[in-house]
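Data block for model_18.txt (compact mmCIF, C-alpha atoms):
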# COMPACT_ATOMS: atom_id res chain seq x y z
CA MET Y 131 -61.21 -116.95 64.46
CA PHE Y 132 -61.86 -114.26 61.92
CA ARG Y 133 -65.60 -113.95 61.80
CA GLN Y 134 -67.93 -111.47 60.20
CA ARG Y 135 -71.70 -111.29 60.25
CA LEU Y 136 -73.47 -109.20 57.64
CA PHE Y 137 -76.77 -107.66 58.63
CA ASN Y 138 -79.07 -105.34 56.71
CA PHE Y 139 -80.27 -102.70 59.14
CA GLY Y 140 -81.85 -99.30 58.83
CA ARG Y 141 -82.82 -97.11 55.92
CA LYS Y 142 -81.04 -97.04 52.58
CA ALA Y 143 -81.50 -93.43 51.59
CA ILE Y 144 -78.27 -93.35 49.62
CA LYS Y 145 -77.05 -95.48 46.78
CA CYS Y 146 -75.07 -98.33 48.31
CA GLN Y 147 -72.39 -99.86 46.16
CA GLN Y 148 -68.85 -101.08 46.58
CA VAL Y 149 -66.17 -98.80 45.17
CA ARG Y 150 -62.64 -100.09 45.01
CA ASN Y 151 -59.80 -97.91 46.21
CA ILE Y 152 -58.41 -96.40 43.01
CA THR Y 153 -55.78 -94.20 44.61
CA GLN Y 154 -53.87 -96.63 46.84
CA SER Y 155 -50.24 -97.17 45.90
CA ASN Y 156 -49.00 -100.72 45.52
CA ASN Y 157 -45.90 -99.74 47.49
CA GLY Y 158 -47.80 -98.45 50.52
CA PRO Y 159 -48.99 -100.27 53.62
CA ILE Y 160 -51.46 -103.13 53.34
CA GLN Y 161 -54.91 -101.65 53.95
CA PRO Y 162 -57.81 -103.59 55.47
CA ARG Y 163 -60.73 -104.30 53.17
CA ILE Y 164 -63.76 -102.91 54.98
CA ASP Y 165 -67.36 -102.86 53.79
CA ILE Y 166 -67.66 -99.07 53.82
CA ALA Y 167 -70.96 -99.20 51.92
CA ARG Y 168 -72.64 -101.30 54.60
CA PHE Y 169 -71.61 -98.87 57.32
CA ALA Y 170 -72.82 -95.86 55.36
CA CYS Y 171 -76.16 -97.46 54.45
CA ASN Y 172 -76.80 -98.66 58.01
CA ALA Y 173 -75.48 -95.69 59.96
CA GLU Y 174 -78.12 -95.80 62.70
CA ALA Y 175 -77.58 -99.50 63.38
CA VAL Y 176 -73.81 -99.02 63.46
CA ALA Y 177 -74.13 -96.20 66.00
CA ASP Y 178 -76.51 -98.27 68.12
CA ASN Y 179 -74.14 -101.25 68.11
CA MET Y 180 -71.23 -99.04 69.17
CA HIS Y 181 -73.29 -97.70 72.05
CA LYS Y 182 -74.18 -101.23 73.20
CA ARG Y 183 -70.52 -102.22 73.16
CA ASN Y 184 -69.44 -99.10 75.10
CA TYR Y 185 -67.50 -97.64 72.18
CA GLY Y 186 -67.24 -93.90 71.73
CA ARG Y 187 -69.61 -92.60 69.09
CA ILE Y 188 -68.39 -91.39 65.72
CA ASP Y 189 -70.19 -88.91 63.51
CA MET Y 190 -72.10 -91.29 61.22
CA GLU Y 191 -73.71 -88.40 59.34
CA ARG Y 192 -70.24 -87.22 58.45
CA PHE Y 193 -69.45 -90.81 57.47
CA ARG Y 194 -72.46 -90.94 55.13
CA THR Y 195 -71.56 -87.59 53.57
CA LEU Y 196 -68.00 -88.72 52.94
CA TYR Y 197 -69.29 -91.91 51.37
CA GLU Y 198 -71.64 -90.01 49.04
CA ASN Y 199 -68.81 -87.67 48.04
CA ARG Y 200 -66.63 -90.68 47.38
CA LEU Y 201 -69.20 -92.17 45.01
CA GLU Y 202 -69.52 -88.89 43.11
CA LEU Y 203 -65.76 -88.42 42.78
CA TYR Y 204 -65.28 -92.02 41.73
CA ALA Y 205 -67.87 -91.63 38.95
CA LYS Y 206 -66.19 -88.43 37.75
CA VAL Y 207 -62.78 -90.10 37.69
CA LEU Y 208 -64.15 -92.99 35.63
CA ASP Y 209 -65.75 -90.56 33.15
CA LEU Y 210 -62.53 -88.59 32.80
CA ARG Y 211 -60.49 -91.75 32.34
CA ALA Y 212 -62.85 -92.85 29.59
CA ARG Y 213 -62.51 -89.41 27.99
CA ARG Y 214 -58.71 -89.61 28.21
CA ASN Y 215 -58.71 -93.02 26.51
CA LYS Y 216 -60.86 -91.69 23.66
CA LEU Y 217 -58.57 -88.71 23.21
CA SER Y 218 -55.54 -90.96 23.17
CA LYS Y 219 -57.01 -93.09 20.39
CA ALA Y 220 -58.14 -90.01 18.46
CA ALA Y 221 -54.67 -88.48 18.65
CA GLN Y 222 -53.16 -91.52 16.98
CA SER Y 223 -55.37 -91.20 13.90
CA SER Y 224 -55.77 -87.42 13.57
CA LEU Y 225 -54.03 -84.88 11.34
CA THR Y 226 -51.34 -82.61 12.77
CA ASP Y 227 -53.55 -79.62 13.68
CA ASP Y 228 -56.29 -81.75 15.21
CA ARG Y 229 -53.72 -83.87 17.01
CA THR Y 230 -52.23 -80.82 18.70
CA ASN Y 231 -55.62 -79.75 20.05
CA ILE Y 232 -56.41 -83.29 21.16
CA ILE Y 233 -53.10 -83.60 23.02
CA ARG Y 234 -53.71 -80.23 24.69
CA GLU Y 235 -57.16 -81.37 25.85
CA GLY Y 236 -55.69 -84.68 26.99
CA LYS Y 237 -53.25 -82.86 29.27
CA VAL Y 238 -56.12 -80.89 30.81
CA VAL Y 239 -58.08 -84.10 31.40
CA LYS Y 240 -55.01 -85.75 32.94
CA ALA Y 241 -54.57 -82.82 35.34
CA ASP Y 242 -58.27 -82.97 36.28
CA ILE Y 243 -57.96 -86.70 36.99
CA LYS Y 244 -54.96 -86.11 39.24
CA LYS Y 245 -56.79 -83.39 41.17
CA LEU Y 246 -59.88 -85.57 41.71
CA GLU Y 247 -57.78 -88.57 42.73
CA GLU Y 248 -56.04 -86.45 45.36
CA GLN Y 249 -59.45 -85.44 46.75
CA LEU Y 250 -60.59 -89.05 46.63
CA ASP Y 251 -57.48 -90.18 48.47
CA LEU Y 252 -58.19 -87.75 51.32
CA ILE Y 253 -61.81 -88.90 51.58
CA GLU Y 254 -60.85 -92.58 51.54
CA SER Y 255 -58.23 -91.99 54.22
CA GLU Y 256 -60.77 -90.32 56.53
CA LEU Y 257 -63.37 -93.02 55.83
CA LEU Y 258 -60.86 -95.74 56.65
CA GLN Y 259 -59.83 -94.10 59.92
CA LYS Y 260 -63.47 -93.79 60.99
CA ALA Y 261 -64.31 -97.32 59.84
CA LEU Y 262 -61.45 -98.76 61.90
CA GLN Y 263 -63.15 -97.37 65.02
CA ILE Y 264 -66.29 -99.41 64.34
CA PRO Y 265 -66.43 -102.76 66.20
CA ASN Y 266 -67.77 -106.07 64.94
CA ASP Y 267 -71.51 -106.62 64.87
CA THR Y 268 -73.00 -107.98 68.07
CA HIS Y 269 -74.63 -111.37 67.74
CA PRO Y 270 -78.38 -111.12 68.44
CA ASP Y 271 -78.09 -113.79 71.17
CA VAL Y 272 -75.70 -111.65 73.22
CA PRO Y 273 -77.36 -109.88 76.18
CA VAL Y 274 -76.96 -106.11 76.37
CA GLY Y 275 -75.72 -104.54 79.58
CA PRO Y 276 -73.08 -105.02 82.29
CA GLU Y 277 -71.22 -108.28 82.91
CA LEU Y 278 -73.77 -109.18 85.57
CA ARG Y 279 -76.21 -109.82 82.70
CA ALA Y 280 -73.94 -112.42 81.12
CA ARG Y 281 -75.82 -115.65 80.46
CA VAL Y 282 -74.14 -118.86 81.61
CA VAL Y 283 -74.56 -121.45 78.86
CA LYS Y 284 -72.94 -124.44 80.52
CA ILE Y 285 -70.93 -125.45 83.59
CA VAL Y 286 -68.67 -128.48 83.32
CA GLY Y 287 -67.37 -130.21 86.43
CA GLU Y 288 -67.68 -129.35 90.10
CA PRO Y 289 -65.51 -126.65 91.69
CA HIS Y 290 -63.23 -127.92 94.47
CA ARG Y 291 -63.71 -125.19 97.04
CA GLU Y 292 -62.65 -126.97 100.22
CA GLY Y 293 -58.97 -126.53 101.01
CA TRP Y 294 -58.33 -124.18 98.07
CA GLU Y 295 -57.98 -120.91 99.96
CA LYS Y 296 -54.56 -120.11 98.41
CA ASP Y 297 -54.35 -118.13 95.20
CA HIS Y 298 -51.98 -118.95 92.35
CA LEU Y 299 -49.27 -116.64 93.71
CA ALA Y 300 -49.14 -118.44 97.04
CA ILE Y 301 -49.04 -121.83 95.33
CA ALA Y 302 -46.33 -120.68 92.90
CA SER Y 303 -44.27 -119.29 95.76
CA LYS Y 304 -44.46 -122.55 97.69
CA LEU Y 305 -43.43 -124.57 94.62
CA ASP Y 306 -40.79 -121.99 93.60
CA ILE Y 307 -41.97 -121.97 89.99
CA LEU Y 308 -42.46 -118.22 89.55
CA ASP Y 309 -40.11 -115.25 90.04
CA ILE Y 310 -41.75 -111.85 89.74
CA THR Y 311 -39.25 -109.90 91.83
CA GLN Y 312 -36.23 -110.41 89.57
CA ALA Y 313 -38.37 -110.04 86.45
CA ALA Y 314 -39.39 -106.58 87.67
CA LEU Y 315 -35.70 -105.72 88.04
CA VAL Y 316 -34.83 -107.03 84.58
CA SER Y 317 -37.90 -106.01 82.55
CA GLY Y 318 -40.13 -103.87 84.75
CA SER Y 319 -43.51 -104.49 86.35
CA SER Y 320 -45.96 -107.07 85.00
CA PHE Y 321 -43.26 -109.44 83.73
CA TYR Y 322 -42.29 -112.79 85.22
CA TYR Y 323 -39.92 -115.73 85.11
CA LEU Y 324 -41.36 -119.24 84.93
CA GLN Y 325 -38.81 -121.66 86.34
CA GLY Y 326 -38.41 -125.32 87.21
CA TYR Y 327 -41.66 -127.22 86.89
CA GLY Y 328 -43.43 -123.98 86.02
CA ALA Y 329 -41.43 -123.67 82.80
CA PHE Y 330 -41.94 -127.33 81.91
CA LEU Y 331 -45.65 -127.09 82.70
CA GLU Y 332 -46.14 -124.24 80.23
CA MET Y 333 -44.23 -126.07 77.49
CA ALA Y 334 -46.21 -129.25 78.15
CA LEU Y 335 -49.53 -127.40 77.92
CA ILE Y 336 -48.45 -125.74 74.67
CA GLN Y 337 -47.46 -129.09 73.16
CA TYR Y 338 -50.68 -130.70 74.35
CA ALA Y 339 -52.88 -127.95 72.90
CA LEU Y 340 -51.04 -127.96 69.56
CA GLU Y 341 -51.32 -131.74 69.23
CA LYS Y 342 -55.00 -131.68 70.19
CA ALA Y 343 -55.80 -129.11 67.50
CA ALA Y 344 -53.64 -130.91 64.93
CA SER Y 345 -55.59 -134.11 65.58
CA LYS Y 346 -58.74 -132.17 64.61
CA GLY Y 347 -57.31 -131.13 61.25
CA PHE Y 348 -55.70 -127.81 62.19
CA LEU Y 349 -52.36 -126.87 60.62
CA GLY Y 350 -49.74 -126.16 63.27
CA VAL Y 351 -47.92 -122.84 62.89
CA ILE Y 352 -45.22 -121.11 64.93
CA THR Y 353 -45.82 -117.44 64.21
CA PRO Y 354 -43.36 -114.53 64.07
CA ASP Y 355 -43.60 -112.29 67.13
CA VAL Y 356 -42.67 -109.17 65.13
CA VAL Y 357 -45.18 -107.98 62.53
CA ARG Y 358 -45.72 -104.92 60.38
CA THR Y 359 -47.79 -102.33 62.18
CA ASP Y 360 -50.16 -101.92 59.23
CA ILE Y 361 -50.92 -105.66 59.44
CA ALA Y 362 -51.80 -105.30 63.13
CA TYR Y 363 -54.04 -102.31 62.43
CA SER Y 364 -55.69 -104.11 59.52
CA CYS Y 365 -56.62 -106.89 61.95
CA GLY Y 366 -58.37 -104.34 64.15
CA PHE Y 367 -55.76 -104.46 66.91
CA GLN Y 368 -55.81 -100.81 67.86
CA PRO Y 369 -57.01 -98.78 70.83
CA ARG Y 370 -60.52 -97.48 71.27
CA ALA Y 371 -60.97 -93.74 70.95
CA GLY Y 372 -59.37 -91.96 73.90
CA GLU Y 373 -57.34 -94.98 75.04
CA ASN Y 374 -53.63 -95.61 74.77
CA SER Y 375 -52.27 -98.17 72.33
CA GLN Y 376 -51.43 -101.63 73.65
CA ILE Y 377 -48.86 -102.15 70.90
CA TYR Y 378 -45.10 -102.17 71.50
CA GLY Y 379 -43.35 -100.54 68.56
CA VAL Y 380 -40.09 -102.05 67.31
CA ARG Y 381 -37.34 -99.88 65.86
CA PRO Y 382 -33.55 -100.31 65.81
CA ILE Y 383 -31.79 -98.02 68.26
CA GLY Y 384 -30.78 -94.86 66.44
CA ALA Y 385 -33.24 -95.37 63.57
CA ASN Y 386 -35.68 -92.63 62.63
CA GLU Y 387 -39.42 -92.87 62.03
CA ALA Y 388 -39.27 -91.85 58.37
CA ASP Y 389 -40.41 -95.17 56.92
CA GLU Y 390 -43.78 -95.49 58.65
CA HIS Y 391 -45.16 -97.73 55.89
CA HIS Y 392 -43.00 -100.59 57.08
CA ALA Y 393 -42.92 -99.87 60.83
CA LEU Y 394 -42.79 -102.98 63.00
CA CYS Y 395 -44.41 -103.93 66.29
CA LEU Y 396 -44.62 -106.87 68.67
CA ALA Y 397 -47.69 -109.00 68.01
CA GLY Y 398 -50.38 -108.58 70.65
CA THR Y 399 -51.81 -111.99 69.75
CA ALA Y 400 -50.97 -114.85 67.40
CA GLU Y 401 -54.17 -113.95 65.51
CA ILE Y 402 -52.31 -111.10 63.82
CA PRO Y 403 -49.56 -113.09 62.07
CA LEU Y 404 -52.03 -115.92 61.42
CA ALA Y 405 -54.36 -113.51 59.64
CA GLY Y 406 -51.34 -112.06 57.87
CA LYS Y 407 -50.68 -115.44 56.25
CA PHE Y 408 -53.71 -114.73 54.08
CA ALA Y 409 -53.04 -111.02 53.43
CA THR Y 410 -53.43 -110.01 49.75
CA ASN Y 411 -54.56 -113.57 48.88
CA ILE Y 412 -57.82 -114.42 47.14
CA LEU Y 413 -59.16 -117.73 48.44
CA ASP Y 414 -61.41 -120.02 46.47
CA GLU Y 415 -64.58 -120.76 48.43
CA ALA Y 416 -63.98 -124.46 47.76
CA GLU Y 417 -60.79 -124.22 49.86
CA LEU Y 418 -62.67 -123.04 52.94
CA PRO Y 419 -62.69 -123.37 55.83
CA LYS Y 420 -58.98 -122.95 56.52
CA ARG Y 421 -57.98 -124.24 59.97
CA LEU Y 422 -54.79 -123.16 61.73
CA VAL Y 423 -53.46 -123.49 65.26
CA GLY Y 424 -50.66 -121.08 66.05
CA PHE Y 425 -48.22 -120.66 68.89
CA GLY Y 426 -46.64 -117.30 69.61
CA ARG Y 427 -45.80 -114.82 72.31
CA ALA Y 428 -48.32 -112.08 72.96
CA TYR Y 429 -47.15 -108.61 74.00
CA ARG Y 430 -49.41 -105.98 75.55
CA ALA Y 431 -48.08 -102.54 76.49
CA GLU Y 432 -50.95 -101.94 78.94
CA ALA Y 433 -51.12 -104.70 81.51
CA GLY Y 434 -53.91 -103.45 83.80
CA GLY Y 435 -57.15 -101.57 83.51
CA ARG Y 436 -60.94 -101.69 83.57
CA GLY Y 437 -61.02 -103.02 87.10
CA THR Y 438 -59.73 -106.44 86.08
CA GLU Y 439 -57.64 -108.54 88.48
CA THR Y 440 -54.04 -107.55 87.75
CA LYS Y 441 -51.77 -109.25 90.28
CA GLY Y 442 -49.53 -112.21 89.56
CA LEU Y 443 -50.00 -113.73 86.13
CA TYR Y 444 -53.13 -111.73 85.32
CA ARG Y 445 -52.85 -108.89 82.76
CA VAL Y 446 -49.09 -109.18 82.19
CA HIS Y 447 -47.08 -107.57 79.38
CA GLN Y 448 -45.95 -110.86 77.82
CA PHE Y 449 -47.44 -114.33 77.74
CA SER Y 450 -47.47 -117.47 75.61
CA LYS Y 451 -50.56 -118.28 73.61
CA VAL Y 452 -51.94 -121.13 71.52
CA GLU Y 453 -54.51 -119.72 69.11
CA LEU Y 454 -57.23 -121.55 67.18
CA PHE Y 455 -57.81 -119.66 63.95
CA ALA Y 456 -60.11 -120.26 61.00
CA VAL Y 457 -61.05 -118.53 57.77
CA THR Y 458 -64.60 -119.30 56.66
CA THR Y 459 -67.45 -118.10 54.52
CA PRO Y 460 -70.20 -116.24 56.41
CA GLU Y 461 -72.39 -119.34 56.04
CA GLN Y 462 -69.74 -121.56 57.68
CA SER Y 463 -69.09 -119.17 60.53
CA ASP Y 464 -71.52 -120.45 63.17
CA ALA Y 465 -70.53 -124.08 62.62
CA MET Y 466 -66.84 -123.19 62.90
CA LEU Y 467 -67.41 -121.25 66.11
CA GLU Y 468 -69.08 -124.32 67.57
CA GLU Y 469 -66.17 -126.49 66.39
CA LEU Y 470 -63.68 -124.23 68.16
CA ARG Y 471 -65.78 -124.25 71.31
CA MET Y 472 -65.93 -128.05 71.35
CA ILE Y 473 -62.14 -128.34 71.03
CA GLN Y 474 -61.64 -125.96 73.94
CA GLU Y 475 -64.20 -127.83 76.04
CA GLU Y 476 -62.41 -131.10 75.30
CA ILE Y 477 -59.08 -129.60 76.37
CA PHE Y 478 -60.42 -128.26 79.67
CA SER Y 479 -62.28 -131.50 80.39
CA GLU Y 480 -59.22 -133.68 79.77
CA LEU Y 481 -57.20 -131.44 82.10
CA GLY Y 482 -59.77 -132.10 84.82
CA LEU Y 483 -60.71 -128.44 85.23
CA CYS Y 484 -64.08 -127.09 86.29
CA PHE Y 485 -65.15 -124.37 83.89
CA ARG Y 486 -68.12 -122.55 82.46
CA TYR Y 487 -68.81 -120.70 79.26
CA GLU Y 488 -71.11 -117.77 79.00
CA VAL Y 489 -72.51 -115.16 76.64
CA SER Y 490 -71.96 -111.46 77.29
CA LYS Y 491 -71.38 -108.28 75.31
CA ARG Y 492 -67.59 -108.64 75.62
CA MET Y 493 -67.33 -111.64 73.31
CA SER Y 494 -68.82 -112.62 69.98
CA ARG Y 495 -70.78 -115.44 71.59
CA PHE Y 496 -68.87 -117.59 74.04
CA ASP Y 497 -66.15 -117.14 76.65
Output the file's structure in the form of structure tokens.
Amino acid sequence: MFRQRLFNFGRKAIKCQQVRNITQSNNGPIQPRIDIARFACNAEAVADNMHKRNYGRIDMERFRTLYENRLELYAKVLDLRARRNKLSKAAQSSLTDDRTNIIREGKVVKADIKKLEEQLDLIESELLQKALQIPNDTHPDVPVGPELRARVVKIVGEPHREGWEKDHLAIASKLDILDITQAALVSGSSFYYLQGYGAFLEMALIQYALEKAASKGFLGVITPDVVRTDIAYSCGFQPRAGENSQIYGVRPIGANEADEHHALCLAGTAEIPLAGKFATNILDEAELPKRLVGFGRAYRAEAGGRGTETKGLYRVHQFSKVELFAVTTPEQSDAMLEELRMIQEEIFSELGLCFRYEVSKRMSRFD
């Protein structure tokens, strides 16, 4: 689910207003629309939230300065454009001598506009790169600290501990439904073959989850596995500072990297192409919420890390995924999150699984 909470934190020592990007080319990559003004006007709160979520700090004072410079340049560009329009009209109705002087001044104004727009483009590019390093706001109900501080909200069912000493690898080996050895030969480490009942089990679970969501009013979608890299970045799917990218790039053998605007990658989650369905669209609030359930393959270049269990089917490079996705207004967000949680709880309950959901700093609210 795409979800955004807007908070008003901290001091507002600078003028906070939205300024549209006036230098972006229509032929360039699709850029994310980020509330730059909110970050600049709440720099301390942004830095504090990044610290709580274990993100590397960015220079928020530099961010504020860039934002202020952006406002000043934008105002100058608007003034010069207004001046250019007046000169253009004056040139059409002036005598020959006056018209020559007006045209000469118009050329100077045009050159000044170009120079300022180039400066503005550089500032906006740096602001965007810094803004993309800023994570989502942390919900106030989420506990701060290590995973040990996670708060268990609910436990459903009773765990069957007796006689369950074998892990999933041992069970899969006995049933002959998983082949990791040959997958390593064919594709490398952290890949796998599902075979026999293992293959049919995955397909059955996918079908079951899709039908369950469709019965709740979600539109079923099979997503493309290859997406434009700028779409993936616009969805926030990029590494933290100092970490390697998890994205697999896609390029025909022998092709060069000249056309970066339309570079392709393998989707790391179905969320990316699902979000891309709405890219560049303006939705009427009356149409919301939009509910989608998508199936796609997820590809992650980095399979291990952060001390997480990595053997077997944990932290692999490729896996199938059914994704619940919704587009809402901020006011509808909490209700939609609860709706998604209830669907997942219903699925796990009907499968007869014992499970719990909890609140910790790693997720927006529930996991």
Applying 12 Å and only C-alpha atoms, which residues near segment 244-246 of chain Y remain after dropping the ones on its own chain fewer than 2 positions away? List them as a compact mmCIF listing (two decimals) with C-alpha atoms, in the frame of the given file.
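File result_29.txt, as written:
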# COMPACT_ATOMS: atom_id res chain seq x y z
CA ILE Y 152 -58.41 -96.40 43.01
CA THR Y 153 -55.78 -94.20 44.61
CA ASN Y 199 -68.81 -87.67 48.04
CA ARG Y 200 -66.63 -90.68 47.38
CA LEU Y 201 -69.20 -92.17 45.01
CA GLU Y 202 -69.52 -88.89 43.11
CA LEU Y 203 -65.76 -88.42 42.78
CA TYR Y 204 -65.28 -92.02 41.73
CA ALA Y 205 -67.87 -91.63 38.95
CA LYS Y 206 -66.19 -88.43 37.75
CA VAL Y 207 -62.78 -90.10 37.69
CA LEU Y 208 -64.15 -92.99 35.63
CA ASP Y 209 -65.75 -90.56 33.15
CA LEU Y 210 -62.53 -88.59 32.80
CA ARG Y 211 -60.49 -91.75 32.34
CA LYS Y 237 -53.25 -82.86 29.27
CA VAL Y 238 -56.12 -80.89 30.81
CA VAL Y 239 -58.08 -84.10 31.40
CA LYS Y 240 -55.01 -85.75 32.94
CA ALA Y 241 -54.57 -82.82 35.34
CA ASP Y 242 -58.27 -82.97 36.28
CA GLU Y 248 -56.04 -86.45 45.36
CA GLN Y 249 -59.45 -85.44 46.75
CA LEU Y 250 -60.59 -89.05 46.63
CA ASP Y 251 -57.48 -90.18 48.47
CA LEU Y 252 -58.19 -87.75 51.32
CA ILE Y 253 -61.81 -88.90 51.58
Worksheet item: How far is it from atom CA of Ala431 of chain Y to atom CA of Pro265 of chain Y, in Å with one decimal?
Response: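 Computing it gives 21.0 Å between the two atoms.
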Worksheet item: With distances taken over all atoms listed in the file, which of Y:His181, Y:Arg358, Y:His447, Y:Gly442 is nearest to Ile310 of chain Y?
Response: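 Counting all atoms listed in the file, the residue closest to Ile310 of chain Y is Y:Gly442.
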Practice prompt. Enter the distance from atom CA of Val283 of chain Y to atom CA of Cys484 of chain Y, in Å, rounded to one decimal.
Written response: 14.0 Å
Item to complete: Calculate how many Å separate atom CA of Ala465 of chain Y from atom CA of Val274 of chain Y, rounding to one decimal.
Response: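 Atom CA of Val274 of chain Y lies 23.5 Å from atom CA of Ala465 of chain Y.
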Worksheet entry | Among listed residues Y:Ala397, Y:Val423, Y:Ile264, Y:Leu308, nearest Met180 of chain Y (using only C-alpha atoms) |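 Distance minimum relative to Met180 of chain Y lands on Y:Ile264.
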Practice prompt. Write out as a ChimeraX atom specification which residues come within 9 Å of Leu196 of chain Y when counting only C-alpha atoms, dropping same-chain ones fewer than 5 positions away.
Written response: /Y:170,191,201,253-254,256-257
Practice prompt. Please identify all polymer residues within 12 Å of Phe408 of chain Y, counting only C-alpha atoms, omitting same-chain residues fewer than 3 positions from it, and present them as a PyMOL selection string.
Written response: chain Y and resi 132+160+162+361+365+401-405+411-413+420-422+455-457
Worksheet item: Pick the closest to Thr359 of chain Y from Y:Ala343, Y:Leu481, Y:Ile377, Y:Ala261: which is it, counting all atoms listed in the file?
Response: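 Under the stated criterion, the closest residue is Y:Ile377.
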Worksheet item: Nearest to Leu262 of chain Y among Y:Glu432, Y:Ile473, Y:Phe478, Y:Tyr363, with distances taken over all atoms listed in the file: which residue is it?
Response: Y:Tyr363
Worksheet item: Which one of Y:Tyr338, Y:Tyr327, Y:Tyr197, Y:Tyr322 sits closest to Asp165 of chain Y if you count all atoms listed in the file?
Response: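 With all atoms listed in the file as the atom set, the closest residue is Y:Tyr197.
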Response to the item:
Restricting to all atoms listed in the file, whichever of Y:Ala212, Y:Ala362, Y:Ala314, Y:Leu217 is closest to Val446 of chain Y is Y:Ala314
Practice prompt. Could you please give me, as a PyMOL selection string, the residues of protein, DNA or RNA lying at most 12 Å from (-79.5, -94.5, 66.4) in the coordinate frame of the file, considering only C-alpha atoms?
Written response: chain Y and resi 139-141+172-182+187-191
Take the residues from that selection and put them in a file with C-alpha atoms, as a PDB file, in the coordinates of the input.
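Ended up saving to again36.pdb:
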ATOM      1  CA  PHE Y 139     -80.270-102.700  59.140  1.00  0.00           C
ATOM      2  CA  GLY Y 140     -81.850 -99.300  58.830  1.00  0.00           C
ATOM      3  CA  ARG Y 141     -82.820 -97.110  55.920  1.00  0.00           C
ATOM      4  CA  ASN Y 172     -76.800 -98.660  58.010  1.00  0.00           C
ATOM      5  CA  ALA Y 173     -75.480 -95.690  59.960  1.00  0.00           C
ATOM      6  CA  GLU Y 174     -78.120 -95.800  62.700  1.00  0.00           C
ATOM      7  CA  ALA Y 175     -77.580 -99.500  63.380  1.00  0.00           C
ATOM      8  CA  VAL Y 176     -73.810 -99.020  63.460  1.00  0.00           C
ATOM      9  CA  ALA Y 177     -74.130 -96.200  66.000  1.00  0.00           C
ATOM     10  CA  ASP Y 178     -76.510 -98.270  68.120  1.00  0.00           C
ATOM     11  CA  ASN Y 179     -74.140-101.250  68.110  1.00  0.00           C
ATOM     12  CA  MET Y 180     -71.230 -99.040  69.170  1.00  0.00           C
ATOM     13  CA  HIS Y 181     -73.290 -97.700  72.050  1.00  0.00           C
ATOM     14  CA  LYS Y 182     -74.180-101.230  73.200  1.00  0.00           C
ATOM     15  CA  ARG Y 187     -69.610 -92.600  69.090  1.00  0.00           C
ATOM     16  CA  ILE Y 188     -68.390 -91.390  65.720  1.00  0.00           C
ATOM     17  CA  ASP Y 189     -70.190 -88.910  63.510  1.00  0.00           C
ATOM     18  CA  MET Y 190     -72.100 -91.290  61.220  1.00  0.00           C
ATOM     19  CA  GLU Y 191     -73.710 -88.400  59.340  1.00  0.00           C
TER      20      GLU Y 191
END
Discussion item. Counting only C-alpha atoms, which residues sit no farther than 12 Å from the position (-46.3, -121.3, 79.3) in the file's frame? I'd like them as a PyMOL selection string.
Written reply: chain Y and resi 307-308+322-339+425-428+443+448-452
